[in-house]
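**Student:** For reference, the structure I am asking about is given below.
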Amino acid sequence: MELDPSAVQLLSEDGTFTEHPDYPLGLSDADIIGLYRRLILVRRADVEAINLQRQGYLKLWGPVFGQEAAQVGSAAALQPGDRAFPQGRQFGVGLTVGIDPAEMLSVWRGEIQGGGWSVEASGIALYTFPIGSQAPHAVGYGMALRRDQKNAAVIAYLGDGAFGTGDVHESLLWSALYKSPVVFFCENNQYALSNPVERSAPLPLYRRSEGFGLPGVQVDGNDVLGCYAVTARAARRARAGEGPTLVEALTYRIGPHTTSDDPDRYRKADEVATWRLRDPIIRMRDFVLGAGLVTRSDLDAIDQEAEVCATAVRAACVADPPPVQPEQIFDHVYGTRPQHLEAERRAWLAFNEETQATS
Amino acid sequence: MTTFVTALNAALSDSMKADPRVLLMGEDVGDLGGVFRVTDGLIAQFGEDRVLNTPISESTLVGAAVGLAMGGYRPVVEMQFDSFVYPAFAQITWHLSRFRYRSRGQQTMPVVIRVPYGGNIGAAEHHSDSPEAYFIPTPGLKVFTPSTPSQGYALLREAIEDDDPVIFFEPKHDYWVKEECELAQREPDAPGARIAGQGSDLTLVGYGPTVKLCLAVREYFAQEGVSIEVLDLFKLNPLEINMLVGSVTRTGRMVVVHEAPVFGGFGGELVARVAGDCFAALKAPPLRVGAMSTPYPAAALEHEYLPGMDRIVDAVDTSLRYGVTT
């Protein structure tokens, strides 16, 4: 799939920056360098996570490779009080808002469900793995923000595959009806696991917004500046009480759906090669160097920082996992344990005690 | 005199007055007052702001309630009829019931889903189901079902104040049942079941719409000098196991009655509990009476399909005669 003629692009494939009349960038040089730095950190930590999975330290990994600009650019538009509702691949979103990457990997080590980070401190809700099912949560949370006059925005991260679900379409409708301050941010990475977007979407996804009564815009998802500017505008609109926006960031998943997948079975190598040339990092590096925002040694320093980050991620993942208290399986099911659950817990504890005493 | 509908309406109104974070959402709950009028007048009293007349999007009704709960609200969602909760099944089981657990206690889900359920009203297809067995085993979810107006009031208020999600099954056949009663809240930690009628020969267990049937059967046997205890389980999860076991241990016999099909129904869990915990006291195998294990039939057949007094009396007779040679 190629960009629609109307798509917003501030940074072209060759690293040329062009202002867009409707989507002002409004970032300082330091902010722009910060975006580049995030792209490098996410790429490097993501590669480390793939390696860690291959070496058996993670149970599974859903690589971000290729989608860094969409995640970093959109997440950089978040402000304190905003709330993001991720699906499960938003490693780059978490790193952009400053979550410790090791905390984001605890899910993939099988230690915890949802996520190991503080939702309140980070503004990032827990992962919600059933596809598209977090969209209604984003709408409802936005309704709560609006009722409380918080002037904050919500961003719901969705893949292209989520646009096959009822929940996403109901959510588009509800958000428009109740003016819920949601930015539906679709990372269209062109594959719902193996199903290409051409086989699930007859029209560009952003155009679905019209029938539900909210604006839609497509942005080059490999252009971090474009993704920032488009999300920032949608978020401003949401905070101002003007309602939701659907943003489609057209990008490409260079890697597999997860480390359990074999993408060679369903897509051609030349397609992947084409999208590798549109890499979000190459064009940003060309831009920050060409515009004189950084020197080569500045870039080396960022690469070095990314190495340090990757080393820390590795260290956290190869370390022994924190000891598990098996009886915690019975905790937090309800505020007060029902009789049947308490009986199961007691029987299980007694059984363990007995088997340990006799072994 | 108070009907079930007016009692539930009062519970909603009083809960909304007591806590500004309580919201109502559902299909036709606004100017119409809901198809059963349970929300009658509430939009006039509290405004469109707190009584949301939503599109027909059951999944998002629950999903948005999850989001509102994350934002500090206590949504009460109305499902128009029993089987219309099915599109919301994924949101209930994926998210609503799991959030406390997966967030390790950080995120509670104070959401109530009201579901008019049960048959015997001559309704069209999909309007008479008893789907409780789909929800009772769902960890993290509570399941309540009142059998009288005053109980409905107290239980609904309690459900709305609960930080855990509650699916609240309302016996729709009894919406217009009248009761002379005071509407009052329950004591905290009051049990989730009650002895609706004491007895010593057999425990007849019912919930929601079958409690009145069980009481009628109790009256019938009283004339024959048989003493039946009726246990009303108005909370199906958490279940008052101790009360069930205590009653059956005393009587030695149990018959459980529900409108849902027998096969795979909640009665099986109750029988298993009794078999495990009262084995030595049992004088007869515990029996189940319910609907046929078929889809809910056309209205013309529903009286054959649903458990009526005749089938309950027969099961009680079978239990009482067990092992007796004539």
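How things are named: the first chain in the structure tokens is A, the next is B, and so on; residues count from 1 in each chain; ligands count from 1 in the order shown.
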Quick one: residues within 10 Å of A:Gly73, only C-alpha atoms counted, chain neighbours fewer than 4 positions away excluded, as a PyMOL selection string?
**Tutor:** chain A and resi 35-36+38-39+68-69+77-78+92-93+96+221-232
**Student:** How would the residues just picked look written out with C-alpha atoms as an mmCIF file, in the first residue's frame?
**Tutor:**
```
data_model
loop_
_atom_site.group_PDB
_atom_site.id
_atom_site.type_symbol
_atom_site.label_atom_id
_atom_site.label_comp_id
_atom_site.auth_asym_id
_atom_site.auth_seq_id
_atom_site.Cartn_x
_atom_site.Cartn_y
_atom_site.Cartn_z
ATOM 1 C CA LEU A 35 13.009 12.585 18.657
ATOM 2 C CA TYR A 36 16.001 11.274 16.731
ATOM 3 C CA ARG A 38 14.303 8.167 20.868
ATOM 4 C CA LEU A 39 14.213 6.510 17.453
ATOM 5 C CA GLU A 68 9.620 3.551 15.411
ATOM 6 C CA ALA A 69 8.650 6.896 13.885
ATOM 7 C CA ALA A 77 2.754 14.606 21.537
ATOM 8 C CA LEU A 78 1.442 13.314 24.867
ATOM 9 C CA GLY A 92 8.462 2.686 21.435
ATOM 10 C CA VAL A 93 5.579 4.571 23.054
ATOM 11 C CA THR A 96 9.300 7.745 24.595
ATOM 12 C CA GLY A 221 4.114 6.739 9.443
ATOM 13 C CA ASN A 222 7.845 6.624 8.745
ATOM 14 C CA ASP A 223 8.114 10.394 9.165
ATOM 15 C CA VAL A 224 8.572 11.062 12.859
ATOM 16 C CA LEU A 225 8.039 14.806 12.452
ATOM 17 C CA GLY A 226 4.811 14.293 10.511
ATOM 18 C CA CYS A 227 3.551 11.790 13.075
ATOM 19 C CA TYR A 228 4.319 14.256 15.846
ATOM 20 C CA ALA A 229 2.676 17.224 14.128
ATOM 21 C CA VAL A 230 -0.485 15.341 13.162
ATOM 22 C CA THR A 231 -0.896 13.754 16.597
ATOM 23 C CA ALA A 232 -0.163 17.023 18.370
#
```
**Student:** Find the residues of chain A that sit at most 10 Å from chain B; for each, write down the nearest two atoms and how far apart they are in Å, to one decimal. Count only C-alpha atoms. Sort by chain, then by number going up, and give it as CSV.
**Tutor:**
```
residue,atom,partner,partner_atom,distance
A:Ile112,CA,B:Arg102,CA,7.7
A:Gln113,CA,B:Arg102,CA,5.5
A:Gly114,CA,B:Arg102,CA,6.2
A:Gly115,CA,B:Ser103,CA,8.0
A:Gly116,CA,B:Ser103,CA,8.7
A:Trp117,CA,B:Ser103,CA,9.8
A:Ser118,CA,B:Gln106,CA,9.1
A:Val119,CA,B:Gln106,CA,9.0
A:Glu120,CA,B:Gln106,CA,9.8
A:Ala125,CA,B:Met70,CA,9.5
A:Leu126,CA,B:Ser103,CA,7.9
A:Thr128,CA,B:His95,CA,8.3
A:Phe129,CA,B:Trp94,CA,9.2
A:Pro130,CA,B:Trp94,CA,7.7
A:Ser133,CA,B:Gln91,CA,7.3
A:Gln134,CA,B:Gly63,CA,7.6
A:Ala135,CA,B:Gly63,CA,7.9
A:Pro136,CA,B:Gly63,CA,4.7
A:His137,CA,B:Gly67,CA,3.9
A:Ala138,CA,B:Gly67,CA,6.0
A:Val139,CA,B:Ala64,CA,6.0
A:Gly140,CA,B:Ala64,CA,3.9
A:Tyr141,CA,B:Gly67,CA,4.1
A:Gly142,CA,B:Gly67,CA,7.6
A:Met143,CA,B:Leu68,CA,6.7
A:Ala144,CA,B:Gly71,CA,5.2
A:Leu145,CA,B:Gly71,CA,6.8
A:Arg147,CA,B:Asp49,CA,8.5
A:Asp148,CA,B:Gly71,CA,9.1
A:Gly166,CA,B:Ser59,CA,8.2
A:Asp167,CA,B:Thr60,CA,6.2
A:Val168,CA,B:Thr60,CA,8.9
A:His169,CA,B:Thr60,CA,9.5
A:Glu170,CA,B:Ser57,CA,6.3
A:Ser171,CA,B:Thr60,CA,6.7
A:Leu173,CA,B:Pro55,CA,8.7
A:Trp174,CA,B:Pro55,CA,7.9
A:Ser175,CA,B:Ala64,CA,9.9
A:Leu177,CA,B:Thr54,CA,9.2
A:Tyr178,CA,B:Leu52,CA,9.6
A:Gln328,CA,B:Arg104,CA,9.5
A:Ile329,CA,B:Tyr101,CA,9.0
A:Phe330,CA,B:Tyr101,CA,9.1
A:Asp331,CA,B:Tyr101,CA,7.2
A:His332,CA,B:Tyr101,CA,4.8
A:Val333,CA,B:Gly140,CA,5.0
A:Tyr334,CA,B:Gly140,CA,5.5
A:Gly335,CA,B:Asp164,CA,6.8
A:Thr336,CA,B:Asp164,CA,9.3
A:Arg337,CA,B:Pro238,CA,8.4
A:Pro338,CA,B:Pro238,CA,5.1
A:Gln339,CA,B:Ile241,CA,6.9
A:His340,CA,B:Leu239,CA,7.4
A:Leu341,CA,B:Pro238,CA,9.0
```
**Student:** Can you tell me which residues surround A:Trp108 at a distance of at most 8 Å, considering only C-alpha atoms, apart from same-chain residues fewer than 6 positions away, and format the answer as number ranges by chain?
**Tutor:** A: 58-61
**Student:** I need the alpha helix (DSSP H) residues of stretch 162-328 of chain A per DSSP on the backbone, written as a PyMOL selection string.
**Tutor:** chain A and resi 166-177+209-212+224-239+269-276+280-290+296-318
**Student:** Determine, counting only C-alpha atoms, which protein, DNA and RNA residues have an atom within 10 Å of an atom of stretch 306-322 of chain A; residues of the same chain fewer than 6 positions away are not included. Present the result as a PyMOL selection string.
**Tutor:** chain A and resi 37-49+51-53+55-58+100-106+108-111+300
**Student:** Give me the residues near B:Lys212 as a PyMOL selection string, where near means some atom within 10 Å (using only C-alpha atoms) and where sequence neighbours in that chain fewer than 3 positions away do not count.
**Tutor:** chain B and resi 147-148+174+196+206-209+215-218+230+232
**Student:** Write the residues you've just listed into a file as a PDB file, in the first residue's frame, and include N, CA and C atoms for each of them.
**Tutor:**
```pdb
ATOM      1  N   SER B 147     -34.825 -12.000  44.210  1.00  0.00           N
ATOM      2  CA  SER B 147     -36.087 -12.700  43.964  1.00  0.00           C
ATOM      3  C   SER B 147     -37.298 -11.912  44.447  1.00  0.00           C
ATOM      4  N   THR B 148     -37.077 -10.814  45.164  1.00  0.00           N
ATOM      5  CA  THR B 148     -38.204  -9.988  45.628  1.00  0.00           C
ATOM      6  C   THR B 148     -37.847  -8.512  45.424  1.00  0.00           C
ATOM      7  N   ASP B 174     -41.055 -11.227  36.912  1.00  0.00           N
ATOM      8  CA  ASP B 174     -41.561 -10.733  38.196  1.00  0.00           C
ATOM      9  C   ASP B 174     -41.467  -9.209  38.345  1.00  0.00           C
ATOM     10  N   ALA B 196     -35.658 -18.872  52.805  1.00  0.00           N
ATOM     11  CA  ALA B 196     -36.923 -18.203  52.502  1.00  0.00           C
ATOM     12  C   ALA B 196     -38.089 -18.881  53.200  1.00  0.00           C
ATOM     13  N   GLY B 206     -33.461 -22.414  45.095  1.00  0.00           N
ATOM     14  CA  GLY B 206     -33.830 -21.651  43.907  1.00  0.00           C
ATOM     15  C   GLY B 206     -33.126 -20.317  43.904  1.00  0.00           C
ATOM     16  N   TYR B 207     -33.248 -19.634  42.820  1.00  0.00           N
ATOM     17  CA  TYR B 207     -32.747 -18.247  42.765  1.00  0.00           C
ATOM     18  C   TYR B 207     -33.532 -17.490  41.710  1.00  0.00           C
ATOM     19  N   GLY B 208     -33.581 -16.167  41.891  1.00  0.00           N
ATOM     20  CA  GLY B 208     -34.289 -15.324  40.934  1.00  0.00           C
ATOM     21  C   GLY B 208     -35.717 -15.791  40.744  1.00  0.00           C
ATOM     22  N   PRO B 209     -36.108 -16.078  39.492  1.00  0.00           N
ATOM     23  CA  PRO B 209     -37.519 -16.361  39.206  1.00  0.00           C
ATOM     24  C   PRO B 209     -38.026 -17.676  39.780  1.00  0.00           C
ATOM     25  N   LEU B 215     -41.305 -21.753  46.796  1.00  0.00           N
ATOM     26  CA  LEU B 215     -42.155 -21.468  47.954  1.00  0.00           C
ATOM     27  C   LEU B 215     -43.554 -22.062  47.763  1.00  0.00           C
ATOM     28  N   ALA B 216     -44.034 -22.033  46.526  1.00  0.00           N
ATOM     29  CA  ALA B 216     -45.348 -22.627  46.250  1.00  0.00           C
ATOM     30  C   ALA B 216     -45.295 -24.141  46.460  1.00  0.00           C
ATOM     31  N   VAL B 217     -44.185 -24.747  46.043  1.00  0.00           N
ATOM     32  CA  VAL B 217     -44.021 -26.189  46.239  1.00  0.00           C
ATOM     33  C   VAL B 217     -43.943 -26.497  47.732  1.00  0.00           C
ATOM     34  N   ARG B 218     -43.306 -25.631  48.464  1.00  0.00           N
ATOM     35  CA  ARG B 218     -43.202 -25.808  49.919  1.00  0.00           C
ATOM     36  C   ARG B 218     -44.600 -25.817  50.552  1.00  0.00           C
ATOM     37  N   VAL B 230     -36.692 -23.813  51.936  1.00  0.00           N
ATOM     38  CA  VAL B 230     -36.381 -23.150  50.666  1.00  0.00           C
ATOM     39  C   VAL B 230     -35.199 -22.219  50.879  1.00  0.00           C
ATOM     40  N   ASP B 232     -32.887 -19.431  49.135  1.00  0.00           N
ATOM     41  CA  ASP B 232     -32.862 -18.439  48.049  1.00  0.00           C
ATOM     42  C   ASP B 232     -31.418 -17.963  47.897  1.00  0.00           C
TER      43      ASP B 232
END
```
**Student:** Residues of stretch 28-252 of chain B in strand (DSSP E) according to DSSP, as number ranges by chain?
**Tutor:** B: 51-53, 74-78, 112-117, 142-144, 166-171, 178-179, 193-197, 202-206, 228-233, 235-237
**Student:** If you count only C-alpha atoms, which residues fall within 6 Å of stretch 167-172 of chain B, apart from same-chain ones fewer than 5 positions away, as a VMD selection string?
**Tutor:** chain B and resid 112 to 118 143 to 145 208 to 209
**Student:** What gap, in Å, lies between atom CA of A:Ala156 and atom CA of A:Ala240?
**Tutor:**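 Calculated distance between atom CA of A:Ala156 and atom CA of A:Ala240 is 17.7 Å.
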**Student:** Mind checking which residues fall within 8 Å of stretch 121-138 of chain B, counting only C-alpha atoms, ignoring those fewer than 6 positions away in the same chain, and posting them as a PyMOL selection string?
**Tutor:** chain B and resi 81-84+93+97+169+173+236-237+259-260+264-266+296-300+302
**Student:** What is the distance, in Å and to one decimal place, between atom CA of A:Thr165 and atom CA of A:Gly123?
**Tutor:**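 Interatomic distance, atom CA of A:Thr165 to atom CA of A:Gly123: 25.3 Å.
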**Student:** Suppose you want the space between atom CA of A:Arg239 and atom CA of A:Ile155; what is it in Å?
**Tutor:**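 The value is 11.3 Å.
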